[in-house]
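Only one structure is covered here, and it is reproduced in the block below.
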Amino acid sequence: MEQAKKTAAYRVVADSGGSRVFRFYCDISGELCCVTRPIQADTEEAALEIAWATEGKWEFNHCPQCGKYVSSAMFNVNAGLCLDCAPWEAEFPAFCHQCGVRLQGATPRCCPICGARLLVGGTAGGKGAVE
Ligand SMILES: [Zn+2]
Ligand SMILES: [Zn+2]
C-alpha cells in the first residue's frame, strides 16, 4: 500500500531569520490555497508539520479515496470525494459546492445564492477560482 500523503503539495520559502513560510497548493488544480505565517522550527519537516496542522489543512478537503488534498472548488461535497474520483455529473450539480444550497430546475452557471461558479463535467476549465 502506498504511503498516505500527509499534506497537500507545497513550496517552502526560508527567510534569513530561520523562519519558513509554506505555500500549499491544491493537488488537482495547482491553485495556491494557503500561505502560512513564518514558522520557526529546527527542521523543515517539523516546520511543515506545524504549518499543516495549524493552517494548511483547514484550507483543504481530503479525498478518502485517492488521498489528495484539494481546494473546495475541486471537491465534490455531494460525494465526499475529489473531482478526480467523483466528477460532477454531466448535468449541473444538485447542490452548490460553496454554500450547499439546493439547485433546482434550469441552473445558471453561478449559484443564485452565493454566486459561486458551478463546476460541471469534472476538472476541465476549473482554473481561476477566486476566494
Ligand atoms: Zn480523490
Ligand atoms: Zn452557493
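We label chains A, B, ... in the order they appear in the C-alpha cells, count residues from 1 in each chain, and number ligands from 1 in the order shown.
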How close does each residue of chain A get to ligand 2, giving the shortest atom pair and distance in Å to one decimal for every residue with an atom at most 8 Å away, counting only C-alpha atoms and all ligand atoms, sorted by chain and residue number, as a tab-separated table?
```
residue	atom	partner	partner_atom_place_in_ligand_line	distance
A:Phe95	CA	ligand 2	1 (Zn)	7.9
A:Cys96	CA	ligand 2	1 (Zn)	4.6
A:His97	CA	ligand 2	1 (Zn)	6.6
A:Gln98	CA	ligand 2	1 (Zn)	4.9
A:Cys99	CA	ligand 2	1 (Zn)	4.1
A:Gly100	CA	ligand 2	1 (Zn)	5.9
A:Val101	CA	ligand 2	1 (Zn)	5.7
A:Cys110	CA	ligand 2	1 (Zn)	7.8
A:Cys111	CA	ligand 2	1 (Zn)	4.5
A:Pro112	CA	ligand 2	1 (Zn)	6.6
A:Ile113	CA	ligand 2	1 (Zn)	5.0
A:Cys114	CA	ligand 2	1 (Zn)	4.1
A:Gly115	CA	ligand 2	1 (Zn)	5.8
A:Ala116	CA	ligand 2	1 (Zn)	5.4
```
Output file for the selection above: N, CA, C and O atoms, as a PDB file, in the first residue's frame:
```pdb
ATOM      1  N   PHE A  95     -26.398  20.377  -5.730  1.00  0.00           N
ATOM      2  CA  PHE A  95     -26.164  21.320  -4.648  1.00  0.00           C
ATOM      3  C   PHE A  95     -24.995  22.221  -4.997  1.00  0.00           C
ATOM      4  O   PHE A  95     -24.056  21.795  -5.666  1.00  0.00           O
ATOM      5  N   CYS A  96     -25.053  23.438  -4.528  1.00  0.00           N
ATOM      6  CA  CYS A  96     -23.921  24.338  -4.695  1.00  0.00           C
ATOM      7  C   CYS A  96     -22.776  23.820  -3.846  1.00  0.00           C
ATOM      8  O   CYS A  96     -22.951  23.526  -2.662  1.00  0.00           O
ATOM      9  N   HIS A  97     -21.593  23.729  -4.441  1.00  0.00           N
ATOM     10  CA  HIS A  97     -20.446  23.212  -3.696  1.00  0.00           C
ATOM     11  C   HIS A  97     -19.951  24.214  -2.675  1.00  0.00           C
ATOM     12  O   HIS A  97     -19.190  23.886  -1.786  1.00  0.00           O
ATOM     13  N   GLN A  98     -20.349  25.455  -2.829  1.00  0.00           N
ATOM     14  CA  GLN A  98     -19.834  26.512  -1.968  1.00  0.00           C
ATOM     15  C   GLN A  98     -20.715  26.701  -0.731  1.00  0.00           C
ATOM     16  O   GLN A  98     -20.240  26.643   0.380  1.00  0.00           O
ATOM     17  N   CYS A  99     -22.003  26.928  -0.945  1.00  0.00           N
ATOM     18  CA  CYS A  99     -22.873  27.239   0.188  1.00  0.00           C
ATOM     19  C   CYS A  99     -23.847  26.105   0.486  1.00  0.00           C
ATOM     20  O   CYS A  99     -24.535  26.132   1.498  1.00  0.00           O
ATOM     21  N   GLY A 100     -23.889  25.098  -0.397  1.00  0.00           N
ATOM     22  CA  GLY A 100     -24.703  23.927  -0.103  1.00  0.00           C
ATOM     23  C   GLY A 100     -26.170  24.069  -0.424  1.00  0.00           C
ATOM     24  O   GLY A 100     -26.956  23.167  -0.164  1.00  0.00           O
ATOM     25  N   VAL A 101     -26.557  25.203  -1.007  1.00  0.00           N
ATOM     26  CA  VAL A 101     -27.966  25.392  -1.328  1.00  0.00           C
ATOM     27  C   VAL A 101     -28.382  24.387  -2.404  1.00  0.00           C
ATOM     28  O   VAL A 101     -27.589  24.004  -3.253  1.00  0.00           O
ATOM     29  N   CYS A 110     -23.808  30.170 -12.337  1.00  0.00           N
ATOM     30  CA  CYS A 110     -23.368  30.552 -10.997  1.00  0.00           C
ATOM     31  C   CYS A 110     -24.488  30.306  -9.995  1.00  0.00           C
ATOM     32  O   CYS A 110     -25.665  30.393 -10.326  1.00  0.00           O
ATOM     33  N   CYS A 111     -24.089  30.043  -8.770  1.00  0.00           N
ATOM     34  CA  CYS A 111     -25.065  29.837  -7.710  1.00  0.00           C
ATOM     35  C   CYS A 111     -25.859  31.111  -7.488  1.00  0.00           C
ATOM     36  O   CYS A 111     -25.289  32.186  -7.335  1.00  0.00           O
ATOM     37  N   PRO A 112     -27.195  31.016  -7.471  1.00  0.00           N
ATOM     38  CA  PRO A 112     -28.024  32.207  -7.274  1.00  0.00           C
ATOM     39  C   PRO A 112     -27.919  32.766  -5.858  1.00  0.00           C
ATOM     40  O   PRO A 112     -28.254  33.922  -5.625  1.00  0.00           O
ATOM     41  N   ILE A 113     -27.445  31.960  -4.932  1.00  0.00           N
ATOM     42  CA  ILE A 113     -27.362  32.413  -3.545  1.00  0.00           C
ATOM     43  C   ILE A 113     -26.023  33.065  -3.241  1.00  0.00           C
ATOM     44  O   ILE A 113     -25.947  34.200  -2.793  1.00  0.00           O
ATOM     45  N   CYS A 114     -24.939  32.327  -3.472  1.00  0.00           N
ATOM     46  CA  CYS A 114     -23.633  32.842  -3.078  1.00  0.00           C
ATOM     47  C   CYS A 114     -22.790  33.290  -4.264  1.00  0.00           C
ATOM     48  O   CYS A 114     -21.744  33.891  -4.087  1.00  0.00           O
ATOM     49  N   GLY A 115     -23.240  32.973  -5.492  1.00  0.00           N
ATOM     50  CA  GLY A 115     -22.500  33.437  -6.653  1.00  0.00           C
ATOM     51  C   GLY A 115     -21.340  32.561  -7.053  1.00  0.00           C
ATOM     52  O   GLY A 115     -20.590  32.905  -7.962  1.00  0.00           O
ATOM     53  N   ALA A 116     -21.168  31.409  -6.379  1.00  0.00           N
ATOM     54  CA  ALA A 116     -20.066  30.521  -6.726  1.00  0.00           C
ATOM     55  C   ALA A 116     -20.234  30.006  -8.144  1.00  0.00           C
ATOM     56  O   ALA A 116     -21.347  29.725  -8.574  1.00  0.00           O
TER      57      ALA A 116
END
```
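Residues of chain A assigned to helix (DSSP H, G or I) by DSSP on this structure's backbone: Glu44, Glu45, Ala46, Ala47, Leu48, Glu49, Ile50, Ala51, Trp52, Ala53, Thr54, Gly56, Lys57, Trp58, Glu59, Ser72, Ala73 and Met74 of chain A.
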Dump as a tab-separated table the rows for residues of chain A within 8 Å of ligand 1: closest atom pair and distance in Å with one decimal, only C-alpha atoms and all ligand atoms counted, ordered by chain and rising residue number.
```
residue	atom	partner	partner_atom_place_in_ligand_line	distance
A:His62	CA	ligand 1	1 (Zn)	8.0
A:Cys63	CA	ligand 1	1 (Zn)	4.6
A:Pro64	CA	ligand 1	1 (Zn)	6.7
A:Gln65	CA	ligand 1	1 (Zn)	5.0
A:Cys66	CA	ligand 1	1 (Zn)	4.1
A:Gly67	CA	ligand 1	1 (Zn)	6.1
A:Lys68	CA	ligand 1	1 (Zn)	5.7
A:Leu81	CA	ligand 1	1 (Zn)	5.3
A:Cys82	CA	ligand 1	1 (Zn)	4.2
A:Leu83	CA	ligand 1	1 (Zn)	6.5
A:Asp84	CA	ligand 1	1 (Zn)	5.3
A:Cys85	CA	ligand 1	1 (Zn)	4.3
A:Ala86	CA	ligand 1	1 (Zn)	7.1
```
If you run DSSP on this backbone, which residues of stretch 4-126 of chain A come out as strand (DSSP E or B), and could you give them as a PyMOL selection string?
chain A and resi 9-14+19-25+32-35+39-40+61-62+69-70+75-76+81-82+95+102+110+117
Can you spit out the residues from that selection as an mmCIF file, in the first residue's frame, using C-alpha atoms?
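The result, stored in out.cif:
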```cif
data_model
loop_
_atom_site.group_PDB
_atom_site.id
_atom_site.type_symbol
_atom_site.label_atom_id
_atom_site.label_comp_id
_atom_site.auth_asym_id
_atom_site.auth_seq_id
_atom_site.Cartn_x
_atom_site.Cartn_y
_atom_site.Cartn_z
ATOM 1 C CA ALA A 9 1.653 19.880 -2.469
ATOM 2 C CA TYR A 10 3.704 22.729 -1.096
ATOM 3 C CA ARG A 11 6.628 25.028 -1.571
ATOM 4 C CA VAL A 12 8.684 26.354 1.232
ATOM 5 C CA VAL A 13 10.472 29.667 1.422
ATOM 6 C CA ALA A 14 13.019 30.197 4.170
ATOM 7 C CA SER A 19 11.596 31.012 9.659
ATOM 8 C CA ARG A 20 9.859 29.175 6.918
ATOM 9 C CA VAL A 21 6.762 30.152 5.041
ATOM 10 C CA PHE A 22 4.798 27.390 3.392
ATOM 11 C CA ARG A 23 2.577 27.695 0.367
ATOM 12 C CA PHE A 24 0.109 24.883 -0.057
ATOM 13 C CA TYR A 25 -1.391 24.045 -3.417
ATOM 14 C CA LEU A 32 -2.486 28.329 -4.260
ATOM 15 C CA CYS A 33 -4.831 27.808 -1.315
ATOM 16 C CA CYS A 34 -2.845 28.746 1.731
ATOM 17 C CA VAL A 35 0.211 30.803 2.637
ATOM 18 C CA ILE A 39 7.150 29.312 11.213
ATOM 19 C CA GLN A 40 10.135 28.688 13.457
ATOM 20 C CA ASN A 61 -10.568 18.861 1.639
ATOM 21 C CA HIS A 62 -9.052 15.420 1.925
ATOM 22 C CA TYR A 69 -5.770 17.318 -0.713
ATOM 23 C CA VAL A 70 -7.848 19.651 -2.812
ATOM 24 C CA PHE A 75 -14.095 18.752 -4.110
ATOM 25 C CA ASN A 76 -17.421 17.097 -4.757
ATOM 26 C CA LEU A 81 -14.623 12.842 -2.837
ATOM 27 C CA CYS A 82 -12.338 14.927 -5.001
ATOM 28 C CA PHE A 95 -26.164 21.320 -4.648
ATOM 29 C CA ARG A 102 -30.112 23.032 -3.335
ATOM 30 C CA CYS A 110 -23.368 30.552 -10.997
ATOM 31 C CA ARG A 117 -19.175 29.308 -10.180
#
```
Could you work out how far atom CA of A:Ser29 lies from atom CA of A:Gln104, giving the answer in Å with one decimal?
27.6 Å
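Minimum distance to A:Glu31 across A:Ala51, A:Glu59, A:Gly17, A:Glu45 (counting only C-alpha atoms) occurs at A:Glu59.
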Would you mind reading off the distance between atom CA of A:Thr7 and atom CA of A:Ala79, one decimal, in Å?
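Interatomic distance here is 21.4 Å.
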Atomic distance atom CA of A:Ser71 - atom CA of A:Cys26, expressed in Å with one decimal:
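According to the coordinates, atom CA of A:Ser71 and atom CA of A:Cys26 are separated by 5.4 Å.
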